[in-house]
file upload.json (JSON, C-alpha atoms)
[["chain", "number", "residue", "atom", "x", "y", "z"],
["A", 17, "MET", "CA", -11.40, -19.55, -39.33],
["A", 18, "LYS", "CA", -12.86, -22.74, -40.79],
["A", 19, "ALA", "CA", -16.56, -22.99, -41.53],
["A", 20, "SER", "CA", -17.01, -25.55, -38.75],
["A", 21, "GLY", "CA", -15.22, -23.18, -36.33],
["A", 22, "ARG", "CA", -17.49, -20.30, -37.33],
["A", 23, "ARG", "CA", -20.54, -22.50, -36.95],
["A", 24, "ALA", "CA", -19.42, -23.64, -33.49],
["A", 25, "GLU", "CA", -18.82, -20.02, -32.51],
["A", 26, "THR", "CA", -22.28, -19.04, -33.78],
["A", 27, "ARG", "CA", -23.91, -21.90, -31.88],
["A", 28, "LEU", "CA", -22.16, -20.81, -28.68],
["A", 29, "ARG", "CA", -23.41, -17.23, -29.19],
["A", 30, "LEU", "CA", -26.92, -18.58, -29.69],
["A", 31, "PHE", "CA", -26.64, -20.73, -26.56],
["A", 32, "SER", "CA", -25.44, -17.72, -24.57],
["A", 33, "ALA", "CA", -28.26, -15.50, -25.83],
["A", 34, "ALA", "CA", -30.89, -18.19, -25.29],
["A", 35, "VAL", "CA", -29.82, -19.08, -21.76],
["A", 36, "GLU", "CA", -29.76, -15.42, -20.70],
["A", 37, "LEU", "CA", -33.21, -14.74, -22.15],
["A", 38, "ILE", "CA", -34.76, -17.94, -20.82],
["A", 39, "ALA", "CA", -33.32, -17.23, -17.36],
["A", 40, "GLU", "CA", -34.75, -13.69, -17.52],
["A", 41, "GLN", "CA", -38.23, -14.39, -18.87],
["A", 42, "GLY", "CA", -38.82, -18.13, -19.15],
["A", 43, "TYR", "CA", -38.80, -20.52, -22.07],
["A", 44, "THR", "CA", -42.33, -19.82, -23.25],
["A", 45, "ALA", "CA", -41.87, -16.04, -23.37],
["A", 46, "THR", "CA", -38.52, -16.25, -25.15],
["A", 47, "THR", "CA", -38.83, -15.92, -28.92],
["A", 48, "VAL", "CA", -36.50, -16.91, -31.72],
["A", 49, "ASP", "CA", -36.48, -13.26, -32.79],
["A", 50, "ALA", "CA", -35.25, -12.19, -29.34],
["A", 51, "ILE", "CA", -32.58, -14.91, -29.29],
["A", 52, "ALA", "CA", -31.32, -13.88, -32.72],
["A", 53, "GLU", "CA", -31.29, -10.21, -31.77],
["A", 54, "ARG", "CA", -29.40, -10.86, -28.52],
["A", 55, "ALA", "CA", -26.88, -13.06, -30.36],
["A", 56, "GLY", "CA", -26.44, -10.45, -33.09],
["A", 57, "VAL", "CA", -27.50, -12.77, -35.92],
["A", 58, "ALA", "CA", -30.38, -13.06, -38.34],
["A", 59, "LYS", "CA", -33.41, -15.13, -37.30],
["A", 60, "GLY", "CA", -32.65, -17.56, -40.12],
["A", 61, "THR", "CA", -29.31, -18.34, -38.48],
["A", 62, "VAL", "CA", -31.14, -19.85, -35.51],
["A", 63, "PHE", "CA", -33.15, -22.11, -37.80],
["A", 64, "TYR", "CA", -30.11, -22.97, -39.93],
["A", 65, "ASN", "CA", -28.18, -24.10, -36.86],
["A", 66, "PHE", "CA", -30.96, -25.77, -34.89],
["A", 67, "GLY", "CA", -34.14, -26.06, -36.95],
["A", 68, "SER", "CA", -36.40, -24.86, -34.14],
["A", 69, "LYS", "CA", -36.49, -23.13, -30.78],
["A", 70, "GLU", "CA", -37.07, -26.53, -29.14],
["A", 71, "ALA", "CA", -33.98, -28.01, -30.81],
["A", 72, "LEU", "CA", -31.94, -24.96, -29.73],
["A", 73, "PHE", "CA", -33.07, -25.44, -26.12],
["A", 74, "THR", "CA", -32.32, -29.16, -26.25],
["A", 75, "GLY", "CA", -28.85, -28.38, -27.63],
["A", 76, "LEU", "CA", -28.38, -25.74, -24.94],
["A", 77, "LEU", "CA", -29.27, -28.23, -22.19],
["A", 78, "ASP", "CA", -26.99, -30.90, -23.64],
["A", 79, "HIS", "CA", -24.13, -28.40, -23.97],
["A", 80, "GLY", "CA", -24.54, -27.04, -20.44],
["A", 81, "ILE", "CA", -24.92, -30.48, -18.88],
["A", 82, "GLY", "CA", -21.78, -31.59, -20.72],
["A", 83, "LEU", "CA", -19.81, -28.64, -19.34],
["A", 84, "LEU", "CA", -21.15, -29.22, -15.84],
["A", 85, "SER", "CA", -20.46, -32.95, -15.93],
["A", 86, "GLY", "CA", -16.92, -32.32, -17.13],
["A", 87, "ALA", "CA", -16.30, -29.86, -14.30],
["A", 88, "LEU", "CA", -17.65, -32.28, -11.70],
["A", 89, "SER", "CA", -15.76, -35.27, -13.09],
["A", 90, "GLY", "CA", -12.52, -33.31, -13.16],
["A", 91, "ALA", "CA", -13.00, -32.28, -9.53],
["A", 92, "ALA", "CA", -13.57, -35.88, -8.41],
["A", 93, "ALA", "CA", -10.54, -37.37, -10.15],
["A", 94, "GLY", "CA", -7.59, -38.64, -8.14],
["A", 95, "ARG", "CA", -8.94, -37.98, -4.64],
["A", 96, "THR", "CA", -10.19, -40.03, -1.74],
["A", 97, "ALA", "CA", -13.97, -40.28, -1.68],
["A", 98, "LEU", "CA", -14.66, -37.58, 0.94],
["A", 99, "ASP", "CA", -12.09, -35.23, -0.59],
["A", 100, "ALA", "CA", -13.71, -35.89, -3.97],
["A", 101, "LEU", "CA", -17.16, -35.11, -2.55],
["A", 102, "ASP", "CA", -15.89, -31.83, -1.13],
["A", 103, "SER", "CA", -14.18, -30.98, -4.44],
["A", 104, "VAL", "CA", -17.28, -31.82, -6.49],
["A", 105, "VAL", "CA", -19.43, -29.57, -4.27],
["A", 106, "MET", "CA", -16.96, -26.71, -4.81],
["A", 107, "ALA", "CA", -16.82, -27.40, -8.55],
["A", 108, "GLN", "CA", -20.60, -27.21, -8.76],
["A", 109, "LEU", "CA", -20.66, -23.95, -6.78],
["A", 110, "ARG", "CA", -17.99, -22.45, -9.05],
["A", 111, "PHE", "CA", -19.72, -23.71, -12.20],
["A", 112, "PHE", "CA", -23.00, -22.08, -11.23],
["A", 113, "GLU", "CA", -21.18, -18.92, -10.18],
["A", 114, "GLU", "CA", -19.81, -18.71, -13.73],
["A", 115, "TYR", "CA", -22.97, -19.97, -15.44],
["A", 116, "GLY", "CA", -25.67, -18.50, -13.19],
["A", 117, "ALA", "CA", -28.22, -18.18, -15.97],
["A", 118, "PHE", "CA", -27.83, -21.88, -16.75],
["A", 119, "ALA", "CA", -28.45, -22.70, -13.08],
["A", 120, "ARG", "CA", -31.69, -20.70, -13.14],
["A", 121, "VAL", "CA", -32.77, -22.40, -16.36],
["A", 122, "LEU", "CA", -32.09, -25.84, -14.89],
["A", 123, "LEU", "CA", -34.12, -25.05, -11.79],
["A", 124, "ALA", "CA", -37.04, -23.45, -13.60],
["A", 125, "GLU", "CA", -37.37, -24.99, -17.03],
["A", 126, "MET", "CA", -35.90, -28.40, -17.43],
["A", 127, "TRP", "CA", -38.49, -30.40, -15.54],
["A", 128, "ARG", "CA", -41.05, -30.05, -18.32],
["A", 129, "THR", "CA", -42.07, -33.28, -19.98],
["A", 130, "ALA", "CA", -40.52, -32.17, -23.27],
["A", 131, "TRP", "CA", -37.02, -32.20, -21.79],
["A", 132, "GLN", "CA", -37.01, -35.67, -20.21],
["A", 133, "ASP", "CA", -34.03, -36.77, -22.33],
["A", 134, "ALA", "CA", -32.07, -33.85, -20.90],
["A", 135, "VAL", "CA", -33.19, -34.77, -17.37],
["A", 136, "ALA", "CA", -31.97, -38.32, -18.02],
["A", 137, "GLY", "CA", -28.64, -36.90, -19.22],
["A", 138, "LEU", "CA", -28.35, -34.73, -16.12],
["A", 139, "ARG", "CA", -29.06, -37.74, -13.88],
["A", 140, "ARG", "CA", -26.64, -39.98, -15.74],
["A", 141, "ASP", "CA", -23.80, -37.50, -16.20],
["A", 142, "ALA", "CA", -23.83, -34.83, -13.49],
["A", 143, "LEU", "CA", -25.64, -36.65, -10.69],
["A", 144, "GLY", "CA", -23.72, -39.75, -11.76],
["A", 145, "VAL", "CA", -20.51, -38.07, -10.59],
["A", 146, "TYR", "CA", -22.00, -37.58, -7.13],
["A", 147, "ALA", "CA", -23.35, -41.15, -7.09],
["A", 148, "GLY", "CA", -19.95, -42.54, -8.10],
["A", 149, "VAL", "CA", -18.17, -40.58, -5.39],
["A", 150, "LEU", "CA", -20.73, -41.68, -2.80],
["A", 151, "ARG", "CA", -20.38, -45.34, -3.88],
["A", 152, "ARG", "CA", -16.62, -45.01, -3.42],
["A", 153, "ALA", "CA", -17.21, -43.49, 0.02],
["A", 154, "VAL", "CA", -19.39, -46.47, 0.98],
["A", 155, "ALA", "CA", -16.69, -48.86, -0.30],
["A", 156, "GLU", "CA", -14.00, -46.97, 1.65],
["A", 157, "GLY", "CA", -16.13, -47.23, 4.80],
["A", 158, "VAL", "CA", -16.32, -43.47, 5.33],
["A", 159, "VAL", "CA", -20.04, -43.25, 4.58],
["A", 160, "ARG", "CA", -22.85, -45.33, 6.06],
["A", 161, "ASP", "CA", -23.20, -48.59, 4.16],
["A", 162, "ASP", "CA", -26.99, -48.26, 4.11],
["A", 163, "LEU", "CA", -26.89, -44.91, 2.29],
["A", 164, "ASP", "CA", -29.31, -44.70, -0.65],
["A", 165, "VAL", "CA", -26.64, -43.40, -3.02],
["A", 166, "GLU", "CA", -28.95, -42.36, -5.87],
["A", 167, "THR", "CA", -31.26, -40.36, -3.62],
["A", 168, "ALA", "CA", -28.30, -38.83, -1.79],
["A", 169, "ALA", "CA", -26.69, -37.82, -5.10],
["A", 170, "ALA", "CA", -29.89, -36.06, -6.23],
["A", 171, "ALA", "CA", -30.28, -34.39, -2.82],
["A", 172, "VAL", "CA", -26.71, -33.09, -2.75],
["A", 173, "PHE", "CA", -26.90, -31.82, -6.32],
["A", 174, "GLY", "CA", -30.22, -30.07, -5.63],
["A", 175, "MET", "CA", -28.94, -28.58, -2.39],
["A", 176, "VAL", "CA", -25.84, -27.15, -4.05],
["A", 177, "LEU", "CA", -27.85, -25.84, -7.04],
["A", 178, "THR", "CA", -30.35, -24.08, -4.77],
["A", 179, "VAL", "CA", -27.66, -22.62, -2.51],
["A", 180, "ALA", "CA", -25.63, -21.44, -5.52],
["A", 181, "ILE", "CA", -28.64, -19.55, -6.92],
["A", 182, "GLU", "CA", -29.55, -18.14, -3.52],
["A", 183, "ARG", "CA", -25.98, -16.93, -3.02],
["A", 184, "LYS", "CA", -25.86, -15.29, -6.45],
["A", 185, "VAL", "CA", -29.23, -13.54, -6.04],
["A", 186, "LEU", "CA", -29.43, -12.74, -2.32],
["A", 187, "HIS", "CA", -25.88, -12.90, -0.96],
["A", 188, "PRO", "CA", -23.43, -12.13, -3.78],
["A", 189, "ASP", "CA", -20.83, -10.84, -1.30],
["A", 190, "ARG", "CA", -20.81, -14.07, 0.72],
["A", 191, "PRO", "CA", -17.50, -15.79, 0.02],
["A", 192, "ILE", "CA", -17.89, -19.02, -1.93],
["A", 193, "GLU", "CA", -15.44, -20.69, 0.45],
["A", 194, "ARG", "CA", -17.77, -19.95, 3.39],
["A", 195, "VAL", "CA", -20.74, -21.39, 1.51],
["A", 196, "HIS", "CA", -18.69, -24.46, 0.59],
["A", 197, "ALA", "CA", -17.56, -24.98, 4.20],
["A", 198, "THR", "CA", -21.17, -24.89, 5.41],
["A", 199, "LEU", "CA", -22.33, -27.37, 2.78],
["A", 200, "VAL", "CA", -19.55, -29.89, 3.38],
["A", 201, "GLU", "CA", -20.05, -29.62, 7.14],
["A", 202, "LEU", "CA", -23.71, -30.52, 6.62],
["A", 203, "LEU", "CA", -22.75, -33.42, 4.36],
["A", 204, "HIS", "CA", -20.06, -34.80, 6.64],
["A", 205, "GLY", "CA", -22.41, -34.63, 9.60],
["A", 206, "ARG", "CA", -25.20, -36.50, 7.85],
["A", 207, "VAL", "CA", -23.57, -39.15, 5.67],
["A", 208, "ALA", "CA", -20.40, -40.07, 7.55],
["A", 209, "ALA", "CA", -20.07, -43.55, 8.96],
["A", 210, "GLY", "CA", -20.02, -43.95, 12.63]]

call {"tool": "encode", "arguments": {"input": "upload.json", "output": "structure tokens"}}
result
Amino acid sequence: MKASGRRAETRLRLFSAAVELIAEQGYTATTVDAIAERAGVAKGTVFYNFGSKEALFTGLLDHGIGLLSGALSGAAAGRTALDALDSVVMAQLRFFEEYGAFARVLLAEMWRTAWQDAVAGLRRDALGVYAGVLRRAVAEGVVRDDLDVETAAAAVFGMVLTVAIERKVLHPDRPIERVHATLVELLHGRVAAG
């Protein structure tokens, strides 16, 4: 394996360890020592790869938001606007089913002032997928033309994030398809033209 491949693998292990610990105990309580131990590396490896705990967390947010945005964009591609909206909701549910710790970190930690660049990236990239789909829906005439697309995109994203966490924590046996059907029924009933 090339050095760059080993470094990428190490960074992914550090991201995984950090997100699990931060989801469990919060950013402030999570130490570099604990991250290194969970990742199975020396403490110096964290500093070599990121320079600081803050830089590790920023990298973690950027990495996770990139994965999420890619999943949402892929789900929206090549569909009519309402089909794309339904697919993006399912993609977000599935993403947070797979990356539940990241969902908890987003909900609990990323709204701190220190992470405003990450919040801007989330708005631009992940919520931007929802906004783009909703703009298409307005243009196709299947959504009210007076819809505040940016607010609606944030509301839908937040709704799906909250429901995904609630399902994982309180109702893990509830089929994801049932959750998805409820969410899209709510969306279709509230944003559809007519």

call {"tool": "atom_distance", "arguments": {"input": "upload.json", "atom1": "atom CA of Val35 of chain A", "atom2": "atom CA of Ala117 of chain A"}}
result
6.1 Å

call {"tool": "residues_around", "arguments": {"input": "upload.json", "residues": "segment 89-93 of chain A", "least_positions_apart": "4", "cutoff": "7 Å", "atoms": "all atoms listed in the file", "output": "count of residues only"}}
result
7

call {"tool": "residues_around", "arguments": {"input": "upload.json", "residues": "Gly174 of chain A", "least_positions_apart": "2", "cutoff": "12 Å", "atoms": "only C-alpha atoms", "output": "list of chain:residue names"}}
result
A:Val105, A:Gln108, A:Leu109, A:Ala119, A:Leu122, A:Leu123, A:Leu138, A:Arg139, A:Ala142, A:Leu143, A:Tyr146, A:Thr167, A:Ala168, A:Ala169, A:Ala170, A:Ala171, A:Val172, A:Val176, A:Leu177, A:Thr178, A:Val179, A:Ala180, A:Ile181, A:Leu199

call {"tool": "axis_aligned_box", "arguments": {"input": "upload.json", "around": "segment 30-37 of chain A", "padding_each_side": "3 Å", "output": "JSON"}}
result
{"center_x": -29.3, "center_y": -17.7, "center_z": -25.2, "size_x": 13.8, "size_y": 12.0, "size_z": 15.0}

call {"tool": "atom_distance", "arguments": {"input": "upload.json", "atom1": "atom CA of Ala124 of chain A", "atom2": "atom CA of Phe73 of chain A"}}
result
13.3 Å

call {"tool": "closest_residue", "arguments": {"input": "upload.json", "among": "A:Leu150, A:Arg110, A:Gln41, A:Thr26", "to": "Leu84 of chain A", "atoms": "only C-alpha atoms"}}
result
A:Arg110

call {"tool": "atom_distance", "arguments": {"input": "upload.json", "atom1": "atom CA of Ala134 of chain A", "atom2": "atom CA of Ala71 of chain A"}}
result
11.7 Å

call {"tool": "residues_around", "arguments": {"input": "upload.json", "residues": "Phe31 of chain A", "least_positions_apart": "2", "cutoff": "9 Å", "atoms": "only C-alpha atoms", "output": "PyMOL selection string"}}
result
chain A and resi 26-29+33-36+51+55+72-73+75-76+79

call {"tool": "residues_around", "arguments": {"input": "upload.json", "residues": "Asp102 of chain A", "least_positions_apart": "4", "cutoff": "8 Å", "atoms": "only C-alpha atoms", "output": "list in words"}}
result
Leu98, Met106 and Val200 of chain A

call {"tool": "closest_residue", "arguments": {"input": "upload.json", "among": "A:Ala45, A:Gly116, A:Gly137, A:Thr96", "to": "Arg183 of chain A", "atoms": "all atoms listed in the file"}}
result
A:Gly116

call {"tool": "residues_near_point", "arguments": {"input": "upload.json", "point": "(-21.0, -46.1, -4.1)", "cutoff": "9 Å", "atoms": "only C-alpha atoms", "output": "MDAnalysis selection string"}}
result
chainID A and resid 147:155 161 163 165:166

call {"tool": "residues_near_point", "arguments": {"input": "upload.json", "point": "(-32.1, -16.7, -38.0)", "cutoff": "12 Å", "atoms": "all atoms listed in the file", "output": "short mmCIF file (atom, residue, chain, number, x, y, z; two decimals) with C-alpha atoms, keeping the file's coordinate frame"}}
result
data_model
loop_
_atom_site.label_atom_id
_atom_site.label_comp_id
_atom_site.auth_asym_id
_atom_site.auth_seq_id
_atom_site.Cartn_x
_atom_site.Cartn_y
_atom_site.Cartn_z
CA THR A 26 -22.28 -19.04 -33.78
CA ARG A 27 -23.91 -21.90 -31.88
CA LEU A 30 -26.92 -18.58 -29.69
CA THR A 47 -38.83 -15.92 -28.92
CA VAL A 48 -36.50 -16.91 -31.72
CA ASP A 49 -36.48 -13.26 -32.79
CA ALA A 50 -35.25 -12.19 -29.34
CA ILE A 51 -32.58 -14.91 -29.29
CA ALA A 52 -31.32 -13.88 -32.72
CA GLU A 53 -31.29 -10.21 -31.77
CA ARG A 54 -29.40 -10.86 -28.52
CA ALA A 55 -26.88 -13.06 -30.36
CA GLY A 56 -26.44 -10.45 -33.09
CA VAL A 57 -27.50 -12.77 -35.92
CA ALA A 58 -30.38 -13.06 -38.34
CA LYS A 59 -33.41 -15.13 -37.30
CA GLY A 60 -32.65 -17.56 -40.12
CA THR A 61 -29.31 -18.34 -38.48
CA VAL A 62 -31.14 -19.85 -35.51
CA PHE A 63 -33.15 -22.11 -37.80
CA TYR A 64 -30.11 -22.97 -39.93
CA ASN A 65 -28.18 -24.10 -36.86
CA PHE A 66 -30.96 -25.77 -34.89
CA GLY A 67 -34.14 -26.06 -36.95
CA SER A 68 -36.40 -24.86 -34.14
CA LYS A 69 -36.49 -23.13 -30.78
CA LEU A 72 -31.94 -24.96 -29.73
#

call {"tool": "closest_residue", "arguments": {"input": "upload.json", "among": "A:Leu88, A:Ala97, A:Gly205, A:Leu83", "to": "Glu156 of chain A", "atoms": "all atoms listed in the file"}}
result
A:Ala97

call {"tool": "decode", "arguments": {"input": "upload.json", "residues": "segment 176-188 of chain A", "atoms": "N, CA and C atoms", "output": "PDB file, in the first residue's frame"}}
result
ATOM      1  N   VAL A 176     -35.938  15.093   8.445  1.00  0.00           N
ATOM      2  CA  VAL A 176     -35.427  13.755   8.152  1.00  0.00           C
ATOM      3  C   VAL A 176     -34.308  13.381   9.129  1.00  0.00           C
ATOM      4  N   LEU A 177     -33.426  14.320   9.441  1.00  0.00           N
ATOM      5  CA  LEU A 177     -32.352  14.064  10.410  1.00  0.00           C
ATOM      6  C   LEU A 177     -32.931  13.667  11.764  1.00  0.00           C
ATOM      7  N   THR A 178     -33.885  14.434  12.246  1.00  0.00           N
ATOM      8  CA  THR A 178     -34.488  14.160  13.552  1.00  0.00           C
ATOM      9  C   THR A 178     -35.211  12.817  13.561  1.00  0.00           C
ATOM     10  N   VAL A 179     -35.971  12.539  12.522  1.00  0.00           N
ATOM     11  CA  VAL A 179     -36.707  11.272  12.442  1.00  0.00           C
ATOM     12  C   VAL A 179     -35.737  10.091  12.329  1.00  0.00           C
ATOM     13  N   ALA A 180     -34.652  10.267  11.582  1.00  0.00           N
ATOM     14  CA  ALA A 180     -33.664   9.186  11.448  1.00  0.00           C
ATOM     15  C   ALA A 180     -33.038   8.841  12.796  1.00  0.00           C
ATOM     16  N   ILE A 181     -32.712   9.860  13.586  1.00  0.00           N
ATOM     17  CA  ILE A 181     -32.133   9.618  14.914  1.00  0.00           C
ATOM     18  C   ILE A 181     -33.166   8.981  15.834  1.00  0.00           C
ATOM     19  N   GLU A 182     -34.378   9.510  15.806  1.00  0.00           N
ATOM     20  CA  GLU A 182     -35.437   8.961  16.647  1.00  0.00           C
ATOM     21  C   GLU A 182     -35.688   7.493  16.316  1.00  0.00           C
ATOM     22  N   ARG A 183     -35.712   7.175  15.034  1.00  0.00           N
ATOM     23  CA  ARG A 183     -35.922   5.785  14.619  1.00  0.00           C
ATOM     24  C   ARG A 183     -34.797   4.897  15.145  1.00  0.00           C
ATOM     25  N   LYS A 184     -33.567   5.345  14.982  1.00  0.00           N
ATOM     26  CA  LYS A 184     -32.413   4.537  15.392  1.00  0.00           C
ATOM     27  C   LYS A 184     -32.410   4.301  16.907  1.00  0.00           C
ATOM     28  N   VAL A 185     -32.769   5.323  17.670  1.00  0.00           N
ATOM     29  CA  VAL A 185     -32.695   5.238  19.128  1.00  0.00           C
ATOM     30  C   VAL A 185     -33.949   4.604  19.740  1.00  0.00           C
ATOM     31  N   LEU A 186     -35.122   5.037  19.284  1.00  0.00           N
ATOM     32  CA  LEU A 186     -36.357   4.616  19.940  1.00  0.00           C
ATOM     33  C   LEU A 186     -37.131   3.517  19.218  1.00  0.00           C
ATOM     34  N   HIS A 187     -36.983   3.448  17.896  1.00  0.00           N
ATOM     35  CA  HIS A 187     -37.775   2.500  17.114  1.00  0.00           C
ATOM     36  C   HIS A 187     -36.909   1.771  16.081  1.00  0.00           C
ATOM     37  N   PRO A 188     -35.861   1.094  16.511  1.00  0.00           N
ATOM     38  CA  PRO A 188     -34.948   0.468  15.538  1.00  0.00           C
ATOM     39  C   PRO A 188     -35.598  -0.625  14.694  1.00  0.00           C
TER      40      PRO A 188
END
